[in-house]
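Presented below is the structure to which this report refers.
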Amino acid sequence: MRTVYEILRAKRAGQELPKEEIAYLVQGVVSGEVPEYQASAFLMAAVILGLSTAETAALTQAMRDSGETWDLSDLAPVVDKHSTGGVGDKVTLVLAPLVAAAGARVGMMSGRGLGHTGGTLDKLAAIPGFRTDLDKARVREALTTVGAALFAQTDAIAPADRILYALRDVTGTVESISLIVASILSKKLASGTTGIVFDVKTGDGAFLKTVEESRELGRALVDTSRAAGRDATGWITDMSRPLGRAVGNALEAEESIRVLRNEGPDRVREICLLLGVEMLRFAERTLSEEEARKRLEKAFDSGAAAQKFEELIVFQGGNPKVVEDPALLPQPRQRIPALSLRGGYVRSISTEKMGFLSIDIGCGRRRREDEIDPAAGFIVEKTVGDRVEPGETLAWLCLGDREPPRPNMERELTALFRVGDEPPTTPPLAVEKL
């Protein structure tokens, strides 16, 4: 067996690494024998030089096998959704109770923010008392009694991914299809769910900007999942603009509640129906698309989805009163308008830059030890295609407890909106089924 130094030199030279060496490297990351600087060097080499299909499969397997795997076969089917991430992507908070209210068991292992995108766990943490540190026994209990569980990756599941995920976030090594596939599937294959629906984002606010790149990732995720014996499908969906109007942890939690109460943005509701249909059909194979959609719409309209979210919050230690009164969530201490400098139509929004700007005010982390400001964020008043007048508010800069790092940041927010004379052609929300 070559040393880690020799393995890194071989990868730098463009050699394909055997699965035994990849497993050795991953085991060393978990044990601490491979220091972070060498792990980071491997990640950068993987991004720059790429990993072969065999290397990606070996990395996925090694990361999965770095910890315990869960067997939920006695509760099957248990369905899951995974999003590749975007700005304002609050879908999990709506989708899990929605699909559970429609009759399926939903187990979703979620993560924190990565790069410019927000993390589901940080949004859930904005709900007072809500706990995501569930062990296997509590997840099983939640699936049995509530029908849904939203939980963090435990220390025992794919510990290699937890370490590498954090390193990728701070070393500029997020945008790699091989690393994304290995990260996602090492957890999903270990967590015991039987069906996975992938929401692969594309556009300026996604990690992968083009439909071609997103298609490559989506097919890799679906094919690898199916090869591992899981039901899998997915959609490529638009992330050329923020999803919904809220960006930021408590703001997105509030918007999710409003969607569950039929008061939120149509695009958020529609994407939840789109993905929910696939999840429900994995749980009940005899359902047609039309039947599944009608059942989900009924769960929305009857209030069952909102009630299921209350049940989920209670089980996981949170305050269920936030569903009736979202003002109980952390609130911004100041809201500053970002004003349009001219009239016209919003032609585009620099969504990725908005994500990074949200990190600057406390919505995410640039370093692993950074603290989240749950009340911080943006409210988008004018989205792509909307008419705007000179001096009208494009968005609100919402400040929490943290002081902004720079003065007049509302001007930076204004600069993210491109306003022109003609209305734009906007891409569809559902771009392509995988």
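As shown in the structure tokens, the chain order sets the letters A, B, ...; within each chain, residues go from 1, and ligands are also counted from 1 in the order they appear.
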Ala100 in chain A surroundings by only C-alpha atoms, 12 Å radius, close-in-sequence under 2 positions cut, as a ChimeraX atom specification | /A:78-80,92-98,102-108,142-150,276-277,279-280,283,295-296,299-300,304-309,311-312
Check range 178-377 of chain A with DSSP on the backbone and list each residue it calls strand (DSSP E), as JSON, numbers by chain.
-> {"A": [195, 196, 197, 198, 199, 200, 201, 202, 231, 232, 233, 234, 235, 236, 237, 238, 246, 247, 334, 335, 336, 337, 338, 339, 344, 345, 346, 347, 348, 349, 377]}
Find, counting only C-alpha atoms, the residue in A:Ala228, A:Ile361, A:Val99, A:Ile336 that gets nearest to Arg406 in chain A.
->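 Nearest to Arg406 in chain A: A:Ile361.
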